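Source file: data.txt (compact mmCIF, C-alpha atoms (C1' of nucleotides))
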```txt
# COMPACT_ATOMS: atom_id res chain seq x y z
CA MET A 9 -37.01 -18.89 -5.89
CA ALA A 10 -35.13 -16.73 -8.34
CA GLU A 11 -31.74 -16.59 -6.69
CA ASP A 12 -28.99 -17.20 -9.14
CA ILE A 13 -29.75 -14.28 -11.41
CA ALA A 14 -26.91 -12.36 -9.90
CA SER A 15 -23.60 -14.07 -9.64
CA LEU A 16 -20.72 -11.71 -9.78
CA SER A 17 -17.01 -12.17 -10.13
CA ILE A 18 -14.66 -10.66 -7.62
CA GLY A 19 -13.75 -8.00 -10.13
CA GLN A 20 -17.35 -6.98 -10.60
CA VAL A 21 -17.95 -6.84 -6.88
CA ALA A 22 -14.83 -4.76 -6.46
CA GLU A 23 -16.09 -2.40 -9.09
CA ARG A 24 -19.48 -1.92 -7.60
CA THR A 25 -18.50 -1.76 -3.97
CA GLY A 26 -15.36 0.28 -4.40
CA LEU A 27 -13.36 -2.25 -2.43
CA SER A 28 -10.26 -3.71 -4.02
CA VAL A 29 -10.13 -7.36 -4.96
CA HIS A 30 -7.41 -7.68 -2.38
CA ALA A 31 -9.65 -6.22 0.27
CA LEU A 32 -12.46 -8.57 -0.73
CA ARG A 33 -10.28 -11.62 -0.32
CA PHE A 34 -8.94 -10.18 2.90
CA TYR A 35 -12.43 -9.60 4.28
CA GLU A 36 -13.38 -13.14 3.42
CA GLN A 37 -10.36 -14.46 5.20
CA GLU A 38 -11.24 -12.32 8.19
CA GLY A 39 -14.64 -13.96 8.36
CA VAL A 40 -16.61 -10.88 7.51
CA PHE A 41 -18.99 -12.67 5.17
CA VAL A 42 -22.07 -14.28 6.56
CA ASP A 43 -21.93 -17.35 4.40
CA PRO A 44 -18.80 -18.70 2.78
CA VAL A 45 -18.31 -17.19 -0.63
CA ARG A 46 -19.28 -19.73 -3.26
CA ARG A 47 -16.78 -20.92 -5.81
CA GLY A 48 -17.27 -21.38 -9.50
CA PRO A 49 -15.22 -23.33 -12.04
CA GLY A 50 -11.53 -23.11 -11.41
CA GLY A 51 -12.10 -22.17 -7.79
CA ARG A 52 -13.16 -18.66 -8.65
CA ARG A 53 -15.24 -16.71 -6.20
CA VAL A 54 -18.86 -16.20 -7.10
CA TYR A 55 -20.73 -13.51 -5.23
CA SER A 56 -24.49 -13.20 -4.88
CA GLU A 57 -26.56 -10.06 -4.57
CA ASN A 58 -26.88 -10.93 -0.90
CA ASP A 59 -23.15 -10.88 -0.51
CA VAL A 60 -23.01 -7.47 -2.09
CA ASP A 61 -25.82 -6.17 0.11
CA TRP A 62 -24.03 -7.40 3.14
CA LEU A 63 -20.83 -5.82 1.95
CA THR A 64 -22.64 -2.55 1.53
CA VAL A 65 -23.62 -2.65 5.16
CA CYS A 66 -20.11 -3.63 6.12
CA ILE A 67 -18.68 -0.71 4.25
CA ILE A 68 -20.90 1.69 6.08
CA LEU A 69 -20.06 0.17 9.42
CA ARG A 70 -16.37 0.28 8.60
CA ALA A 71 -16.68 3.88 7.48
CA SER A 72 -18.09 4.70 10.87
CA GLY A 73 -15.12 3.13 12.54
CA MET A 74 -16.26 -0.36 13.34
CA PRO A 75 -13.16 -2.55 13.45
CA LEU A 76 -13.01 -5.75 11.46
CA PRO A 77 -13.23 -8.02 14.50
CA ALA A 78 -16.54 -6.44 15.45
CA LEU A 79 -17.78 -6.83 11.93
CA ARG A 80 -16.81 -10.43 12.15
CA ARG A 81 -18.65 -10.89 15.41
CA TYR A 82 -21.71 -9.41 13.84
CA ALA A 83 -21.42 -11.74 10.87
CA ASP A 84 -20.97 -14.64 13.25
CA LEU A 85 -24.21 -13.76 14.98
CA VAL A 86 -26.13 -13.44 11.76
CA ARG A 87 -24.65 -16.69 10.54
CA ALA A 88 -25.70 -18.45 13.70
CA GLY A 89 -29.26 -17.61 12.78
CA VAL A 90 -32.37 -16.98 14.80
CA GLY A 91 -32.09 -16.53 18.52
CA ASN A 92 -29.34 -14.02 19.12
CA GLU A 93 -31.13 -10.88 18.06
CA GLU A 94 -30.51 -9.27 21.42
CA GLU A 95 -26.79 -9.67 20.94
CA ARG A 96 -26.93 -8.15 17.50
CA LEU A 97 -28.96 -5.30 18.85
CA ALA A 98 -26.46 -4.79 21.65
CA LEU A 99 -23.60 -4.75 19.21
CA LEU A 100 -25.32 -2.22 17.01
CA ARG A 101 -26.29 -0.03 19.91
CA GLU A 102 -22.79 -0.05 21.23
CA HIS A 103 -21.48 0.97 17.89
CA ARG A 104 -24.09 3.66 17.62
CA GLU A 105 -22.93 5.14 20.88
CA HIS A 106 -19.43 5.02 19.63
CA VAL A 107 -20.40 6.91 16.53
CA THR A 108 -22.37 9.55 18.35
CA SER A 109 -19.55 10.21 20.75
CA GLN A 110 -17.23 10.43 17.79
CA ILE A 111 -19.46 13.03 16.22
CA GLY A 112 -19.52 14.89 19.50
CA ARG A 113 -15.76 15.01 19.71
CA LEU A 114 -15.43 16.10 16.13
CA THR A 115 -17.92 18.85 16.66
CA GLN A 116 -15.90 20.14 19.58
CA CYS A 117 -12.78 20.10 17.47
CA LEU A 118 -14.67 21.96 14.83
CA ASP A 119 -15.31 24.71 17.35
CA LEU A 120 -11.65 25.19 18.04
CA ILE A 121 -10.76 25.13 14.40
CA GLY A 122 -13.51 27.59 13.60
CA PHE A 123 -12.23 29.83 16.33
CA LYS A 124 -8.73 29.81 14.94
CA VAL A 125 -9.92 30.28 11.42
CA GLY A 126 -11.85 33.30 12.67
CA LEU A 127 -8.75 34.73 14.28
CA TYR A 128 -6.72 34.43 11.14
CA GLU A 129 -9.48 35.82 9.02
CA ASP A 130 -9.72 38.86 11.25
CA LEU A 131 -6.01 39.23 11.26
CA LEU A 132 -5.74 39.15 7.52
CA ASP A 133 -8.73 41.42 7.13
CA GLU A 134 -7.12 43.95 9.39
CA ALA A 135 -3.81 43.70 7.65
CA GLN A 136 -5.58 44.24 4.39
CA ARG A 137 -7.28 47.34 5.69
CA ALA A 138 -4.06 48.55 7.25
CA ILE A 139 -2.38 48.79 3.88
CA GLU A 140 -3.71 52.28 3.30
CA PRO A 141 -2.74 53.76 6.64
CA GLY A 142 0.48 51.83 6.16
CA ARG A 143 0.73 50.65 9.71
CA PRO A 144 2.73 47.41 10.12
CA ARG A 145 1.02 44.87 12.36
CA PRO A 146 2.38 42.47 14.92
CA SER A 147 1.16 39.16 13.54
CA ASP A 148 -0.45 36.85 16.01
CA GLY A 149 -3.04 34.31 15.11
CA GLY A 150 -3.25 33.00 18.61
CA ASP A 151 -0.65 30.34 18.13
CA ALA A 152 2.09 30.94 20.57
CA PRO A 153 0.73 32.79 23.57
CA ALA A 154 -2.08 32.46 26.03
CA SER A 155 -4.87 33.43 23.67
CA THR A 156 -5.62 29.83 22.78
CA PRO A 157 -8.77 28.38 24.23
CA GLY A 158 -7.53 25.21 25.77
CA THR A 159 -10.44 24.79 28.08
CA SER A 160 -11.59 28.35 28.20
CA ALA A 161 -13.44 28.65 24.92
CA MET B 3 9.09 39.06 31.30
CA ALA B 4 7.91 36.36 33.63
CA GLU B 5 8.51 33.29 31.49
CA ASP B 6 10.37 30.67 33.41
CA ILE B 7 7.77 30.22 36.09
CA ALA B 8 6.57 27.17 34.29
CA SER B 9 9.18 24.70 33.28
CA LEU B 10 7.92 21.21 33.25
CA SER B 11 9.59 17.86 32.95
CA ILE B 12 8.49 15.41 30.31
CA GLY B 13 6.72 13.40 32.95
CA GLN B 14 4.71 16.37 34.11
CA VAL B 15 3.76 17.27 30.58
CA ALA B 16 2.73 13.71 29.93
CA GLU B 17 0.57 13.80 33.00
CA ARG B 18 -1.22 16.98 32.13
CA THR B 19 -1.65 16.40 28.43
CA GLY B 20 -2.49 12.74 28.63
CA LEU B 21 0.17 11.93 26.07
CA SER B 22 2.78 9.36 26.97
CA VAL B 23 6.39 10.38 27.41
CA HIS B 24 7.10 8.20 24.43
CA ALA B 25 4.61 10.11 22.37
CA LEU B 26 6.08 13.42 23.47
CA ARG B 27 9.55 12.44 22.36
CA PHE B 28 8.10 11.06 19.19
CA TYR B 29 6.22 14.27 18.44
CA GLU B 30 9.37 16.25 19.00
CA GLN B 31 11.25 14.06 16.61
CA GLU B 32 8.48 14.50 14.08
CA GLY B 33 8.89 18.25 14.25
CA VAL B 34 5.53 18.95 15.78
CA PHE B 35 6.85 21.53 18.22
CA VAL B 36 7.15 25.12 17.14
CA ASP B 37 10.43 25.76 18.86
CA PRO B 38 12.93 23.12 19.78
CA VAL B 39 12.25 21.80 23.24
CA ARG B 40 14.77 23.28 25.64
CA ARG B 41 17.10 21.07 27.58
CA GLY B 42 17.99 21.30 31.22
CA PRO B 43 20.90 19.78 33.14
CA GLY B 44 21.73 16.32 31.98
CA GLY B 45 20.08 16.91 28.64
CA ARG B 46 16.62 16.61 30.10
CA ARG B 47 13.71 18.16 28.28
CA VAL B 48 12.24 21.27 29.77
CA TYR B 49 8.82 22.32 28.58
CA SER B 50 7.27 25.75 28.87
CA GLU B 51 3.64 26.66 29.28
CA ASN B 52 3.74 27.67 25.64
CA ASP B 53 4.79 24.19 24.66
CA VAL B 54 1.92 22.75 26.60
CA ASP B 55 -0.56 25.17 25.05
CA TRP B 56 0.65 24.23 21.64
CA LEU B 57 0.39 20.58 22.51
CA THR B 58 -3.17 21.11 23.60
CA VAL B 59 -4.00 22.45 20.18
CA CYS B 60 -2.13 19.61 18.57
CA ILE B 61 -4.08 17.07 20.54
CA ILE B 62 -7.34 18.54 19.38
CA LEU B 63 -6.20 18.62 15.79
CA ARG B 64 -5.00 15.05 16.04
CA ALA B 65 -8.26 14.00 17.59
CA SER B 66 -10.04 15.42 14.60
CA GLY B 67 -7.91 13.34 12.31
CA MET B 68 -5.15 15.69 11.27
CA PRO B 69 -2.13 13.54 10.43
CA LEU B 70 1.24 14.28 11.96
CA PRO B 71 2.77 15.58 8.74
CA ALA B 72 0.08 18.25 8.52
CA LEU B 73 0.65 19.16 12.12
CA ARG B 74 4.26 19.49 11.31
CA ARG B 75 3.57 21.73 8.36
CA TYR B 76 1.48 23.92 10.55
CA ALA B 77 4.24 24.11 13.13
CA ASP B 78 6.71 24.94 10.38
CA LEU B 79 4.56 27.85 9.30
CA VAL B 80 4.20 29.19 12.79
CA ARG B 81 7.90 28.78 13.36
CA ALA B 82 8.68 30.69 10.20
CA GLY B 83 6.90 33.63 11.77
CA VAL B 84 4.98 36.53 10.35
CA GLY B 85 4.02 36.54 6.72
CA ASN B 86 2.47 33.18 6.00
CA GLU B 87 -0.85 33.66 7.70
CA GLU B 88 -2.71 32.90 4.50
CA GLU B 89 -1.09 29.51 4.36
CA ARG B 90 -1.97 28.76 7.94
CA LEU B 91 -5.51 29.83 7.27
CA ALA B 92 -5.66 27.62 4.20
CA LEU B 93 -4.38 24.66 6.16
CA LEU B 94 -6.92 25.18 8.89
CA ARG B 95 -9.75 25.66 6.45
CA GLU B 96 -8.82 22.54 4.62
CA HIS B 97 -8.81 20.60 7.81
CA ARG B 98 -12.11 22.11 8.80
CA GLU B 99 -13.66 20.88 5.59
CA HIS B 100 -12.22 17.51 6.26
CA VAL B 101 -13.79 17.43 9.68
CA THR B 102 -17.18 18.60 8.51
CA SER B 103 -17.28 15.99 5.79
CA GLN B 104 -16.26 13.42 8.34
CA ILE B 105 -19.14 14.45 10.54
CA GLY B 106 -21.44 14.24 7.56
CA ARG B 107 -20.39 10.73 6.76
CA LEU B 108 -20.72 9.64 10.34
CA THR B 109 -24.17 11.11 10.52
CA GLN B 110 -25.19 9.11 7.47
CA CYS B 111 -23.82 5.97 9.04
CA LEU B 112 -25.75 6.79 12.14
CA ASP B 113 -28.91 6.76 10.07
CA LEU B 114 -28.29 3.27 8.85
CA ILE B 115 -27.39 2.03 12.26
CA GLY B 116 -30.43 3.67 13.76
CA PHE B 117 -32.54 2.04 11.10
CA LYS B 118 -31.17 -1.38 11.88
CA VAL B 119 -31.46 -0.86 15.58
CA GLY B 120 -35.08 0.06 15.00
CA LEU B 121 -35.66 -3.12 13.04
CA TYR B 122 -34.23 -5.28 15.75
CA GLU B 123 -36.11 -3.45 18.44
CA ASP B 124 -39.37 -3.98 16.61
CA LEU B 125 -38.52 -7.59 16.01
CA LEU B 126 -37.78 -8.26 19.64
CA ASP B 127 -40.82 -6.31 20.73
CA GLU B 128 -42.99 -8.38 18.49
CA ALA B 129 -41.40 -11.59 19.62
CA GLN B 130 -42.03 -10.55 23.17
CA ARG B 131 -45.65 -9.85 22.44
CA ALA B 132 -45.99 -13.07 20.51
CA ILE B 133 -45.19 -15.13 23.52
CA GLU B 134 -48.79 -15.14 24.66
CA PRO B 135 -50.36 -16.10 21.34
CA GLY B 136 -47.48 -18.56 21.09
CA ARG B 137 -46.79 -18.00 17.44
CA PRO B 138 -43.13 -18.63 16.47
CA ARG B 139 -41.70 -15.87 14.30
CA PRO B 140 -39.45 -16.00 11.28
CA SER B 141 -36.50 -13.91 12.46
CA ASP B 142 -35.22 -11.32 10.07
CA GLY B 143 -33.58 -8.14 11.15
CA GLY B 144 -32.94 -7.05 7.62
CA ASP B 145 -29.57 -8.66 7.39
CA ALA B 146 -29.60 -11.10 4.61
CA PRO B 147 -32.22 -10.09 2.08
CA ALA B 148 -33.17 -7.07 0.12
CA SER B 149 -34.71 -5.14 3.00
CA THR B 150 -31.48 -3.26 3.65
CA PRO B 151 -31.38 0.33 2.52
CA GLY B 152 -28.26 0.38 0.44
CA THR B 153 -29.13 3.50 -1.48
CA SER B 154 -32.86 3.37 -1.05
CA ALA B 155 -33.21 4.63 2.49
C1' DC C 4 27.37 3.23 48.84
C1' DT C 5 23.77 1.59 46.79
C1' DA C 6 19.13 1.31 45.20
C1' DG C 7 15.34 3.61 42.96
C1' DG C 8 13.32 6.65 39.92
C1' DA C 9 13.15 9.78 36.15
C1' DG C 10 15.25 10.88 32.18
C1' DC C 11 18.17 10.04 27.86
C1' DT C 12 19.06 7.74 22.82
C1' DC C 13 18.45 4.57 19.34
C1' DG C 14 16.31 1.06 17.29
C1' DA C 15 13.01 -2.60 17.12
C1' DG C 16 8.19 -4.19 17.67
C1' DT C 17 3.07 -3.72 17.34
C1' DC C 18 -1.46 -3.16 15.43
C1' DG C 19 -4.98 -2.42 12.05
C1' DG C 20 -6.07 -2.58 7.51
C1' DC C 21 -4.92 -3.21 3.62
C1' DT C 22 -1.67 -3.66 -0.65
C1' DC C 23 1.58 -5.94 -3.38
C1' DT C 24 4.41 -9.82 -5.23
C1' DA C 25 5.48 -14.25 -6.87
C1' DG C 26 4.21 -18.06 -9.01
C1' DG C 27 0.39 -20.67 -10.95
C1' DT C 28 -4.40 -21.96 -13.44
C1' DC C 29 -7.65 -21.27 -16.89
C1' DA C 30 -10.35 -19.54 -21.06
C1' DA C 31 -10.63 -16.60 -25.02
C1' DG C 32 -8.69 -14.38 -29.01
C1' DC C 33 -5.12 -13.71 -32.62
C1' DG D 9 0.81 -22.20 -30.17
C1' DC D 10 1.09 -17.93 -27.75
C1' DT D 11 -0.35 -14.03 -25.39
C1' DT D 12 -3.47 -11.60 -22.52
C1' DG D 13 -6.35 -10.95 -18.75
C1' DA D 14 -8.89 -12.28 -14.87
C1' DC D 15 -8.55 -15.07 -11.29
C1' DC D 16 -6.19 -18.20 -7.56
C1' DT D 17 -2.99 -18.91 -2.99
C1' DA D 18 0.39 -17.83 0.40
C1' DG D 19 3.00 -14.75 2.25
C1' DA D 20 5.63 -10.41 2.51
C1' DG D 21 5.48 -5.38 2.80
C1' DC D 22 3.68 -0.87 4.05
C1' DC D 23 1.85 3.12 6.61
C1' DG D 24 0.64 5.73 10.58
C1' DA D 25 1.21 6.43 15.17
C1' DC D 26 2.83 4.95 18.68
C1' DT D 27 4.96 1.64 22.23
C1' DC D 28 8.54 -0.87 24.18
C1' DG D 29 13.25 -2.42 25.41
C1' DA D 30 18.13 -2.20 26.15
C1' DG D 31 21.64 0.10 28.03
C1' DC D 32 23.12 4.49 29.73
C1' DT D 33 23.33 8.94 32.96
C1' DC D 34 21.86 11.46 36.73
C1' DC D 35 20.15 12.72 41.39
C1' DT D 36 18.27 11.79 45.80
C1' DA D 37 17.17 9.16 49.96
C1' DG D 38 18.11 5.58 53.11
```
Could you render the structure from this file as C-alpha cells?
Amino acid sequence: MAEDIASLSIGQVAERTGLSVHALRFYEQEGVFVDPVRRGPGGRRVYSENDVDWLTVCIILRASGMPLPALRRYADLVRAGVGNEEERLALLREHREHVTSQIGRLTQCLDLIGFKVGLYEDLLDEAQRAIEPGRPRPSDGGDAPASTPGTSA
Amino acid sequence: MAEDIASLSIGQVAERTGLSVHALRFYEQEGVFVDPVRRGPGGRRVYSENDVDWLTVCIILRASGMPLPALRRYADLVRAGVGNEEERLALLREHREHVTSQIGRLTQCLDLIGFKVGLYEDLLDEAQRAIEPGRPRPSDGGDAPASTPGTSA
DNA sequence: CTAGGAGCTCGAGTCGGCTCTAGGTCAAGC
DNA sequence: GCTTGACCTAGAGCCGACTCGAGCTCCTAG
C-alpha cells in the first residue's frame, strides 16, 4: 500500500487548504480530525493526503454553516468505524435541510433588496431625466414611509 | 397629519419584531435607527410605526448577513436626507452581490452534501439488500479515501 | 403602603471561531 | 557560534452581536 508518499507539514497544509496554522491546530484540538494527527521528529505534525481530503470536506461543511461541534460529532462517527452509517446520514441530512432553508431565507432577502435597488434606480433615473425640465424632485427611496414591503411584497 | 396613532413601548416593539428589548436598546446605541428614538414620560422609549418599519428592513438585512456597521452607514445616509441616493444604491447593490455570492457558495456546498447523502443512502440500501445473501460489506461512505470530490466533482 | 411589572443606564459576561503572544526546540545556512 | 525560520505548547485576546445583572425610577392594583 503506497501511503506515505504524501506527508505534509502544517505549513504546507495551511497553504493548500487556506486555513491558518493556528486554525489547523485549533481544529485538531477541537477533535475535528478523524484520526489523531501523526507526529514527526521533534513532535511536529505530519499530515497525510487523507487528512487533507477530510479537511477539504470540513471546510465545505463549515462554509455552509456547520458548527465545529457538529463537525466533531461527524468525525467521531467516522472514527468509530462501520456501523453508524445511519447516524452519519442523519447528520448530513439535517445539515442539508439547514442549508436549504438558509438558501431560502437568503433568496427572500434578495427579493427585498432587489426591490429597494429597483426603487433607487428608478428614482435616480427620473432625477436624471428631470434635469432638462429642471423640476426638483422629492427624494424618497422607500425608506421612511409606508412604501416598504414588510410583508406585503 | 395622523402620526401619533402608533406609539409603541419597547416591549411591544420587541414582541412584534421578534427582537429582544436588549437588542433594541443595543441597536439604538449602535446608531441603527434613522431618527433618535423618542422618549416619553420617565425617559421611556416611544417607537413609531416608522421605526418599526425601518426595523423590519433592518432585520431582513441582518438576516442576509449585513453587519451592524453597514446598517448604521445606511441609516446615516437616510438620516442625512436627499442627495446621497447613489451611495445608498451602491450600498444596497454591494450587499446584494454579497448575498448572491453567498447563495452560490451554499448551493455548491449543497451539491457536496447531496453527493455524500447519496453515497450513504446507496450504502445503506445495499447493506439492507445484502441481508438475505448474508454477505458482510466493507463500509465506506466516501469519508476517508480518495473517493471524495474535492475539486473533481 | 407595598408589591409587581415595565422601563431605565451602565457595564460585565457569553459564545463561536479563530488569532496572537510568549517562550521554547530544532535544523540548516552563513 | 549565531541567526533565521518553521514548528511546538499553553494560554490570552479579539470580534460581532447580543445577553444578562445590578441597582434605580415609575406607575398601577390590591
If we count all atoms listed in the file, which residues of chain A reach to within 9 Å of chain B? Please list them as a ChimeraX atom specification. /A:42,57-59,61-62,64-65,68-69,71-73,86,89-91,93-94,96-98,100-101,103-104,107-108,110-118,120-122,124-125,128-129,131-132,146-149,151-154,156-158
Of the residues C:DA9, C:DA30, C:DC4, C:DA15, which is the one nearest to chain A, using only C-alpha atoms (C1' of nucleotides)?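 Of the candidates, the smallest distance to chain A is held by C:DA30.
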Which residues of chain C have any atom within 12 Å of an atom in chain B when counting only C-alpha atoms (C1' of nucleotides), and what is the closest pair of atoms for each, with the distance in Å to one decimal? Order the rows by chain and rising number and write it as CSV.
```
residue,atom,partner,partner_atom,distance
C:DG8,C1',B:Gly13,CA,11.7
C:DA9,C1',B:Gly13,CA,8.0
C:DG10,C1',B:Arg46,CA,6.2
C:DC11,C1',B:Arg46,CA,7.1
C:DT12,C1',B:Arg27,CA,10.6
```
Residues within 8 Å of (-7.7, -15.5, -13.5), file coordinates, counting all atoms listed in the file: what are they? Give the list as a PyMOL selection string. (chain A and resi 52) or (chain C and resi 28-29) or (chain D and resi 13-16)
Based on the selection just made, write C-alpha atoms (C1' of nucleotides) of those residues as a compact mmCIF listing (two decimals), keeping the file's coordinate frame.
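Printed below is again_25.txt as written:
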```txt
# COMPACT_ATOMS: atom_id res chain seq x y z
CA ARG A 52 -13.16 -18.66 -8.65
C1' DT C 28 -4.40 -21.96 -13.44
C1' DC C 29 -7.65 -21.27 -16.89
C1' DG D 13 -6.35 -10.95 -18.75
C1' DA D 14 -8.89 -12.28 -14.87
C1' DC D 15 -8.55 -15.07 -11.29
C1' DC D 16 -6.19 -18.20 -7.56
```
Calculated over all atoms listed in the file, which of the candidates B:Ala82, B:Leu21, B:Ala132, B:Leu10 has the smallest distance to chain D?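 Of all the options, B:Leu21 lies closest to chain D.
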Both chains have the same sequence, so superpose chain A on chain B over all Cα atoms paired in order and return it as a tab-separated table (two decimals) with C-alpha atoms, in the coordinates of the input.
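Generated output (out-v5.tsv):
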```tsv
chain	number	residue	atom	x	y	z
A	9	MET	CA	8.66	39.16	31.31
A	10	ALA	CA	7.64	36.39	33.65
A	11	GLU	CA	8.33	33.37	31.50
A	12	ASP	CA	10.17	30.72	33.38
A	13	ILE	CA	7.57	30.18	36.06
A	14	ALA	CA	6.44	27.05	34.33
A	15	SER	CA	9.05	24.57	33.34
A	16	LEU	CA	7.80	21.07	33.27
A	17	SER	CA	9.47	17.72	32.96
A	18	ILE	CA	8.40	15.31	30.28
A	19	GLY	CA	6.62	13.26	32.90
A	20	GLN	CA	4.59	16.22	34.06
A	21	VAL	CA	3.67	17.16	30.53
A	22	ALA	CA	2.65	13.59	29.85
A	23	GLU	CA	0.47	13.66	32.90
A	24	ARG	CA	-1.30	16.83	32.05
A	25	THR	CA	-1.72	16.29	28.35
A	26	GLY	CA	-2.55	12.61	28.49
A	27	LEU	CA	0.13	11.84	25.94
A	28	SER	CA	2.74	9.26	26.82
A	29	VAL	CA	6.34	10.27	27.31
A	30	HIS	CA	7.09	8.14	24.30
A	31	ALA	CA	4.59	10.04	22.24
A	32	LEU	CA	6.04	13.35	23.41
A	33	ARG	CA	9.52	12.40	22.30
A	34	PHE	CA	8.08	11.03	19.09
A	35	TYR	CA	6.20	14.25	18.38
A	36	GLU	CA	9.34	16.24	18.97
A	37	GLN	CA	11.25	14.08	16.58
A	38	GLU	CA	8.49	14.52	14.04
A	39	GLY	CA	8.91	18.27	14.25
A	40	VAL	CA	5.54	18.96	15.75
A	41	PHE	CA	6.83	21.52	18.23
A	42	VAL	CA	7.12	25.10	17.19
A	43	ASP	CA	10.38	25.77	18.94
A	44	PRO	CA	12.90	23.12	19.86
A	45	VAL	CA	12.20	21.75	23.29
A	46	ARG	CA	14.69	23.21	25.74
A	47	ARG	CA	17.01	20.98	27.69
A	48	GLY	CA	17.88	21.17	31.33
A	49	PRO	CA	20.77	19.62	33.27
A	50	GLY	CA	21.64	16.18	32.07
A	51	GLY	CA	20.00	16.81	28.72
A	52	ARG	CA	16.52	16.51	30.14
A	53	ARG	CA	13.64	18.07	28.30
A	54	VAL	CA	12.15	21.17	29.83
A	55	TYR	CA	8.74	22.22	28.61
A	56	SER	CA	7.19	25.66	28.92
A	57	GLU	CA	3.54	26.56	29.31
A	58	ASN	CA	3.66	27.58	25.67
A	59	ASP	CA	4.74	24.13	24.68
A	60	VAL	CA	1.86	22.66	26.60
A	61	ASP	CA	-0.61	25.09	25.05
A	62	TRP	CA	0.62	24.20	21.65
A	63	LEU	CA	0.36	20.53	22.47
A	64	THR	CA	-3.20	21.06	23.55
A	65	VAL	CA	-4.01	22.43	20.14
A	66	CYS	CA	-2.13	19.60	18.51
A	67	ILE	CA	-4.09	17.06	20.44
A	68	ILE	CA	-7.34	18.53	19.29
A	69	LEU	CA	-6.19	18.65	15.70
A	70	ARG	CA	-4.98	15.07	15.91
A	71	ALA	CA	-8.26	14.01	17.47
A	72	SER	CA	-10.02	15.44	14.47
A	73	GLY	CA	-7.88	13.40	12.17
A	74	MET	CA	-5.11	15.74	11.18
A	75	PRO	CA	-2.10	13.60	10.31
A	76	LEU	CA	1.26	14.32	11.87
A	77	PRO	CA	2.82	15.65	8.67
A	78	ALA	CA	0.13	18.31	8.46
A	79	LEU	CA	0.67	19.19	12.07
A	80	ARG	CA	4.30	19.54	11.29
A	81	ARG	CA	3.62	21.79	8.34
A	82	TYR	CA	1.51	23.96	10.55
A	83	ALA	CA	4.26	24.14	13.15
A	84	ASP	CA	6.72	24.98	10.41
A	85	LEU	CA	4.59	27.91	9.35
A	86	VAL	CA	4.19	29.21	12.86
A	87	ARG	CA	7.90	28.80	13.44
A	88	ALA	CA	8.69	30.74	10.31
A	89	GLY	CA	6.92	33.67	11.89
A	90	VAL	CA	5.01	36.59	10.50
A	91	GLY	CA	4.08	36.61	6.86
A	92	ASN	CA	2.52	33.26	6.10
A	93	GLU	CA	-0.81	33.74	7.79
A	94	GLU	CA	-2.66	33.01	4.58
A	95	GLU	CA	-1.02	29.62	4.40
A	96	ARG	CA	-1.93	28.83	7.96
A	97	LEU	CA	-5.46	29.91	7.30
A	98	ALA	CA	-5.59	27.73	4.20
A	99	LEU	CA	-4.31	24.77	6.13
A	100	LEU	CA	-6.87	25.26	8.85
A	101	ARG	CA	-9.69	25.75	6.42
A	102	GLU	CA	-8.77	22.65	4.55
A	103	HIS	CA	-8.76	20.69	7.73
A	104	ARG	CA	-12.06	22.18	8.72
A	105	GLU	CA	-13.60	20.97	5.51
A	106	HIS	CA	-12.17	17.60	6.15
A	107	VAL	CA	-13.74	17.50	9.56
A	108	THR	CA	-17.13	18.66	8.40
A	109	SER	CA	-17.23	16.08	5.66
A	110	GLN	CA	-16.22	13.50	8.20
A	111	ILE	CA	-19.10	14.51	10.40
A	112	GLY	CA	-21.39	14.32	7.41
A	113	ARG	CA	-20.33	10.79	6.60
A	114	LEU	CA	-20.67	9.69	10.18
A	115	THR	CA	-24.12	11.14	10.38
A	116	GLN	CA	-25.15	9.16	7.34
A	117	CYS	CA	-23.77	6.02	8.89
A	118	LEU	CA	-25.68	6.84	12.00
A	119	ASP	CA	-28.86	6.80	9.94
A	120	LEU	CA	-28.25	3.30	8.72
A	121	ILE	CA	-27.32	2.06	12.14
A	122	GLY	CA	-30.37	3.70	13.65
A	123	PHE	CA	-32.49	2.06	11.02
A	124	LYS	CA	-31.13	-1.36	11.81
A	125	VAL	CA	-31.38	-0.82	15.50
A	126	GLY	CA	-35.02	0.10	14.94
A	127	LEU	CA	-35.62	-3.09	13.02
A	128	TYR	CA	-34.18	-5.25	15.73
A	129	GLU	CA	-36.02	-3.39	18.41
A	130	ASP	CA	-39.30	-3.94	16.61
A	131	LEU	CA	-38.46	-7.53	16.04
A	132	LEU	CA	-37.69	-8.19	19.65
A	133	ASP	CA	-40.70	-6.22	20.78
A	134	GLU	CA	-42.92	-8.32	18.59
A	135	ALA	CA	-41.34	-11.52	19.72
A	136	GLN	CA	-41.88	-10.43	23.27
A	137	ARG	CA	-45.53	-9.75	22.63
A	138	ALA	CA	-45.88	-12.98	20.71
A	139	ILE	CA	-45.03	-15.03	23.76
A	140	GLU	CA	-48.62	-15.04	24.95
A	141	PRO	CA	-50.23	-16.06	21.68
A	142	GLY	CA	-47.32	-18.46	21.41
A	143	ARG	CA	-46.71	-17.88	17.75
A	144	PRO	CA	-43.11	-18.60	16.65
A	145	ARG	CA	-41.65	-15.88	14.45
A	146	PRO	CA	-39.39	-16.03	11.45
A	147	SER	CA	-36.47	-13.93	12.62
A	148	ASP	CA	-35.22	-11.35	10.20
A	149	GLY	CA	-33.54	-8.18	11.22
A	150	GLY	CA	-32.95	-7.13	7.68
A	151	ASP	CA	-29.55	-8.71	7.42
A	152	ALA	CA	-29.63	-11.18	4.65
A	153	PRO	CA	-32.28	-10.19	2.14
A	154	ALA	CA	-33.27	-7.17	0.15
A	155	SER	CA	-34.69	-5.17	3.03
A	156	THR	CA	-31.42	-3.35	3.62
A	157	PRO	CA	-31.31	0.25	2.55
A	158	GLY	CA	-28.20	0.35	0.47
A	159	THR	CA	-29.12	3.48	-1.36
A	160	SER	CA	-32.83	3.35	-0.88
A	161	ALA	CA	-33.17	4.60	2.67
```
One number please: CA of Leu76 in chain A to CA of Gly39 in chain A, in Å, one decimal.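 Rounded to one decimal, the two atoms are 8.9 Å apart.
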CA of Ala25 in chain B to C1' of DC13 in chain C, distance in Å rounded to a single decimal: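 Value for the CA of Ala25 in chain B-C1' of DC13 in chain C distance: 15.2 Å.
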